Structures are given as structure tokens and as C-alpha cells.
Amino acid sequence: MTTTTTTAGDIKVVKPTVGSHINDYWGRVRGGDLGSLPAVLGLVILCLIFGIARDTFFGSLNFANLFSQGAQYIFIAMGLVFVLLLGEIDLSAGFASGVCGAIMAILLTNHGWDWYTAIPAAMLTGIVIGFVLGFMVAKFGIPSFVVTLAAFLAFQGILLKLLGGGKNISITDTFVLKLANSNLSVGLSWVFAIVAVVLFAVVQLNNVRTRLARKLVTDPIGIVAMRIGALAIIVLVATAILTQERSINPVINSVKGVPIVAPIIAVFLVIWTFVLGKTTYGRHLYAVGGNTEAARRAGIPVDRIRISVFVIGSFMASIGGILAVSRANSVDPNTGGSNILLYSVGAAVIGGTSLFGGKGKAINAVVGGAVITVIDNGMGLMGYSAGTKYMVTGLILLVAASVDALARRRAASTGNR
Amino acid sequence: MAATPLLELSGIDKSFGPVQVLHDVGLSVYPGEVTALVGDNGAGKSTLVKCVSGIYTIDSGTVSFAGNPVAIHSPRDASALGIEVVYQDLALCDNLDIVQNMFLGREKKRGIVLDEPTMEQMAGDTLASLSVRTVKSLRQLVASLSGGQRQTVAIAKAVLWNSKVVILDEPTAALGVAQTAQVLELVRRLADNGLGVVLISHNMNDVFAVSDRIAALYLGRMAAQVKTTDVTHSQIVELITAGRSGNIGLPPEKPSDFSGDIVDITPGGDK
């Protein structure tokens, strides 16, 4: 890697080396542009603590369990990332996921629908809910805090009514039950892992190639190789652990393979990362979150964007609800209730999405969701009570929000944001 | 006048409810010239600009572009004609980089995917054509730029689209001495590239440094539109504060005889 100059137009730009790239990154971090870094560090530290304290933590049984345990938070958080990008909030996402899950369960169990009609019906419910919320916020100008707080109460009521005053509706549809409770076969697990790594590598290298062809500055190839290598190691090690036998009695029923929720999370992660990073819609979303007035003057339909984020938010909540119902085999008045919404908001914020709008990525939801799930799971393994778990989770959310606010202040003072 | 004005307004009226903000305003903008639009606070400068840029619709009057009457109903109409406004607050998104800001709302696409390489090249070329060499990277976030650099990005954003008329609202108001000089140089270069430039400013030094013509608004009326070389600082200040100065400007209560060597070129100013 030598330092050479290339030209973009007539602007002289220095071709970055691995060293200068890392320096730039460190400079951005010091300047308050932290991204997912604190969450990733936190995740590593938490995993080390729990792994040392309880050797079952890294066992494949528990590791697989993390996925289905965290799925609902991760999905709701992915939707919330969009809402938070505009500096809005959706407090009703938890119960919206409960309502959608209940609708699916009722259609499956009470009305005998098939999964391929009941699941879309639940998703459609999510979309309608999001549209109504977004319409109230964008067109009536009611603060989203108030609209979604009202919806939070109302959906709790709707859920009770749907369940006939608090009954428990169980589901028997094998497809829906498999979603959160079954695994890919060992062969398919490896196919999925390898396809994921290869796709990531192809996208990264193709990006470098097109930019080089246009004589534009690219990330140094060493950094790109490190990124691909890191993802490959994480995915392949995880797959290796998950394809171990983890049944207590393997003779009776063998349990191994990557949980089905993992590829579902991966697919949505790819879709939303693409939408946010590569499409006009995503660009406009960041613009509205960064400077609404500038976006309006640039001819961006601000109201429509505002409605759309609530639609995406509630749609993702509906998927979270479907998986929650699948995991519990049933729906009850507390599906999507208690701490689920707060854990999901926490996941998005801990992952690096700013509460002030304009900053966030789909991956934040996954990383933050992983942190939340690991705390919940690890402290459970260590035998702490629910009270302690809530207190620790609250503390970590507070730390994440402080990091966000302080980073923002730091960024303002260094002129980085 | 030899050349036809690129943009010509005449008889523009605009009211907000019972308050009439613009009375029978005329303005001509010529290609290759900087027209300074001056006036005290509340004289109607911003309103006039917003009428031209399609944010407000005019109540009556005509707008001609390159000699043809046009109707501007939205900012998109204005951009389609090639009229771009750089607002005082610059309307940049701090959380986006230079390229993303320059193409905001008009992104280049390949299929459904943003065409980043093309946008980056076009942005680089535009900045180069304005002889801007002060930015480190086109992928820098706008938040990390200085005031003068932000102004430059906002101006580059306005000229990216082969625009014909660029309206600058107080571009130097928040800048230091060196940066003001840079921006004024850039403003001059825009006009030298053949664009019609409208410069709104309170700063007489800036106005006299770069403008070819000065249009002075007084209480919603166009007091006068004169050549910069024909007037002095103090005459412009009188036009701004009193609406008239000697023989130029709005007619006094009792019309006096009109003579003198200063040629009033205000469109509709002879009414």
C-alpha cells in the first residue's frame, strides 16, 4: 500500500492506505461518530463475563436459544430504527406485534385458515396499523409520542378483546410452530452460511471494482479483505457451534442446525440495509431525519416518508409478533406486552441508532438486540432474579442513551455532526 | 439594454391576508451579470425570492424566462426552468456527505439502485469547474465543513443542474473575512460562466465588490434598479432607507421634474 494521488474531477484526493483508513475511523470515533462500536465491545465483554461464569453459556443449546429468544426484539427494533431515523418514536410497537400475532393465531385456530393466508393477514394488519399511526403524526401533526402512547393503551385493549377477555389461544399449525422452534438441517445450515459469506464478499469486491473502474477513491483492499474475513470467521464459527448435537437425549430426537430465525433475520437485515443505503427512499429518509426543511425544499415528500416509517415499523412489529407466537406456541394478553417494547427501543439505541434522528442502520437492531438478549439470557443462567435483570438492562439502556447524547455533543463541538 | 433579460418580473403583487407585501415589483436579471437585491428588513426581498422559486404563488404580475412568459407554481417548476435558490440557512443535511447533499432530491439511479460513482464524478466535476479545491474528500459529512465550505457546497448544488439563474440569499452573512472573499469570488465566477446571479445582501461592500446592477426594494416597492457603476454607496443607502435618492427612486409625494445623468432602468419604474 503506497500513498498515491488519484483525481475525482479535479479535486485532489489522497488514496487511503490501511493505516490511514484505521486512523480516519479512529478520528471519526473520537469525533463522536461511534456507530455500533460501543455495542459490539459491550457484546464481547458481556459474552466473556457470562462465558467465564457459566460454561453452559457458550454451549450450542444456549447459543441456539439466543436466536429465538432475541428474534422478537430484533424485528421490532429493526422497524424502530426507521421510526427513530426521523427522530420519532413508536411506543405501540410491542402491543402492535401482540395484536398481529393474535390475529394470526385466531385466524389459524378459530377460523381454520392456512399459514399462507394467516401470516399475510397478520402482516397486513401491521401495515394498516402503521399507516394509521403515521397518518396521524404526519397529517395532523400530533407528536408521535402521544399518538403511539394512545395506541399502546388501545392495542392492549384490542388484544384483550380479541382474546375474549384474556384467554390463551394456542396454535397447532406446524409451519408457524417451526418458524421459531426448528432448525435448518446441517447441510442447509452450511449452505446458508457459505452463501451469506460469498454474497457479502461479492458485493464488497464488486463495489471496489466499479469504483476503481471510474477512478474513484476506494477503501483499501486490505480493509475490505479484513471485513470479509471477519464476517467469514463469525458466520462459520457460529455455524460450526450450531451444527453440533444439542439434544439432551440425541437418540430420541436429534436437535442440531442453525435456527430458522437466523436466516429470516439475515434476509430482513440485507433488505433493510439495501433500502437504507442504496435506494433513493433510504437517502431521503436520512435527509428528512437530518434536516426536514432541507428535505422539503429538495422536493422530498416529507409527509409520505413520515407515514412510511411507521408502516415499516409496525410491519416489522407484526413479524416480531408472529415469531413470538410461534415461540410460545400460543398467544395471551401479554404477548408483546411487559418489557418487549422497551427492550426493542433499547436494542435499537444500544446498537447505535440515535434518538435524535438522522443516524442509524438496520444492523444496529441486530447488534443491540444481541446485547439485550445476552444480558437477559446470561443473567438468567447465573440465577439472578427478574428484578436484577430489569435493573441491569435499564442501566445499560441509560448508558447507551448517554453515549448517544454525549457523542452528539462531542460531534457538535468537533464539527462532525 | 442590448441583451434580453434571462429572468424578468413585472408588476408582481403579493399579499398575505390583509398585508400587501409586494406592490407592482419589477426585476430584470441578465445573463453573465450579478444583480444585487438590496433592501431593509421587511422590504420584501425574501418574499420576492420565494415567489420566483415557486414557494409562494404570486397574486398578479408576469414572470418571463428568456423572453417567454412562464408560470412557476412549485419549486420543481423553478428548477425545471433552471432557477436555483441558495437559502440563507443553506438547506444542507449535516448527516449526509457532500455528494449526497448536492444530489438531494434528484439522485442519479441505475435501476432502483443509487448510482454513487456517477454522482461522485459529477459532484467532483462541478466543484472543479468552480475552482473549488478546499475540500478534503467528497465523502466528508457536511457537518465537518467550515461555514465557507458549506456555502460553497450549497452553491455547487445550485449550479450542478445547468441552472441559468442562481439566487443567493445573504451568502456571506455568517462568514469571516477570508471566507467572504472566497464566496464573493465564487459568485463572480458564476456570472463569468454566463449565469444570471441574484445576490441578496445587506453588506454594501459585498454589493459594490461583485454586482453589475443593484435593485433596491423599499417597503415592498422596487425603488430603483441601477447600474452599480452609476451610483455611490450613500445613494444606495438612501434608496434602501428612504426609497429615493435625488433623481432616482420612487416618486416623492409631489412629483418633481425628472432630469439628471443617472439612468433609471427599473422595469416599470417609469410608472
# chains A, B, ... in the order shown; residues from 1 in each chain; ligands from 1
$ residues_around --residues "region 183-186 of chain B" --least-positions-apart "5" --cutoff "9 Å" --atoms "only C-alpha atoms" --output "list in words"
Leu130, Ser131, Val132, Gly148, Gln149, Gln151, Thr152, Ile155, Pro171, Thr172, Ala178, Ala191, Asp206, Ala209 and Val210 of chain B
$ closest_atom_pairs --of "chain B" --to "chain A" --cutoff "7 Å" --atoms "only C-alpha atoms" --output "Markdown table"
| residue | atom | partner | partner_atom | distance |
| --- | --- | --- | --- | --- |
| B:Ala91 | CA | A:Ala294 | CA | 4.2 |
| B:Leu92 | CA | A:Ala294 | CA | 5.9 |
| B:Cys93 | CA | A:Asn291 | CA | 5.2 |
| B:Asp94 | CA | A:Arg417 | CA | 5.9 |
| B:Asn95 | CA | A:Gly290 | CA | 5.6 |
| B:Leu104 | CA | A:Ala298 | CA | 6.2 |
| B:Gly105 | CA | A:Ala298 | CA | 5.0 |
| B:Glu107 | CA | A:Thr280 | CA | 6.7 |
| B:Ile112 | CA | A:Thr279 | CA | 6.3 |
| B:Val113 | CA | A:Thr279 | CA | 5.2 |
| B:Leu114 | CA | A:Lys278 | CA | 5.4 |
| B:Pro117 | CA | A:Arg211 | CA | 6.3 |
| B:Gln121 | CA | A:Gly9 | CA | 6.0 |
| B:Gly124 | CA | A:Gly9 | CA | 4.5 |
| B:Asp125 | CA | A:Gly9 | CA | 4.4 |
| B:Ala128 | CA | A:Asp10 | CA | 5.1 |
| B:Arg133 | CA | A:Ile11 | CA | 5.9 |
| B:Lys136 | CA | A:Val13 | CA | 6.7 |
| B:Ser137 | CA | A:Val13 | CA | 6.4 |
| B:Ala143 | CA | A:Arg417 | CA | 4.6 |
| B:Ser144 | CA | A:Asn416 | CA | 4.6 |
$ atom_distance --atom1 "CA of Val202 (chain A)" --atom2 "CA of Ala266 (chain A)"
16.5 Å
$ atom_distance --atom1 "CA of Ile169 (chain A)" --atom2 "CA of Phe75 (chain A)"
22.6 Å
$ residues_around --residues "region 79-87 of chain B" --least-positions-apart "3" --cutoff "8 Å" --atoms "only C-alpha atoms" --output "JSON, numbers by chain"
{"B": [49, 53, 65, 75, 76, 90, 91, 154, 155, 158, 159, 161, 162, 163, 164, 165, 166, 167, 168, 169, 170, 171]}
$ select_by_dssp --residues "region 163-299 of chain A" --states "helix (DSSP H, G or I)" --output "ChimeraX atom specification"
/A:174-181,186-213,221-242,261-278,280-290,292-297
$ residues_around --residues "region 124-136 of chain A" --least-positions-apart "3" --cutoff "7 Å" --atoms "only C-alpha atoms" --output "list of chain:residue names"
A:Ala96, A:Cys100, A:Pro120, A:Ala121, A:Lys139, A:Phe140, A:Gly141, A:Ile142, A:Val147, A:Thr148, A:Arg306, A:Ile307, A:Phe310, A:Val311, A:Gly313, A:Ser314, A:Phe315, A:Ala317, A:Ser318
$ residues_around --residues "Ser211 (chain B)" --least-positions-apart "3" --cutoff "7 Å" --atoms "only C-alpha atoms" --output "VMD selection string"
chain B and resid 34 to 36 207 to 208 214 228
$ atom_distance --atom1 "CA of Leu323 (chain A)" --atom2 "CA of Val146 (chain A)"
27.7 Å
$ select_by_dssp --residues "region 160-260 of chain B" --states "strand (DSSP E or B)" --output "list in words"
Val165, Val166, Ile167, Leu168, Asp169, Gly196, Val197, Val198, Leu199, Ile200, Arg213, Ile214, Ala215, Ala216, Leu217, Tyr218, Arg221, Met222, Ala223, Ala224, Gln225, Val226, Lys227, Arg244, Ser245, Ile248 and Gly249 of chain B
$ residues_around --residues "Val52 (chain B)" --least-positions-apart "2" --cutoff "9 Å" --atoms "only C-alpha atoms" --output "ChimeraX atom specification"
/B:9,47-50,54-58,63,72,75,78,83
$ residues_around --residues "Val99 (chain B)" --least-positions-apart "2" --cutoff "8 Å" --atoms "only C-alpha atoms" --output "JSON, numbers by chain"
{"B": [97, 101, 102, 103, 119, 120, 123, 138, 139]}
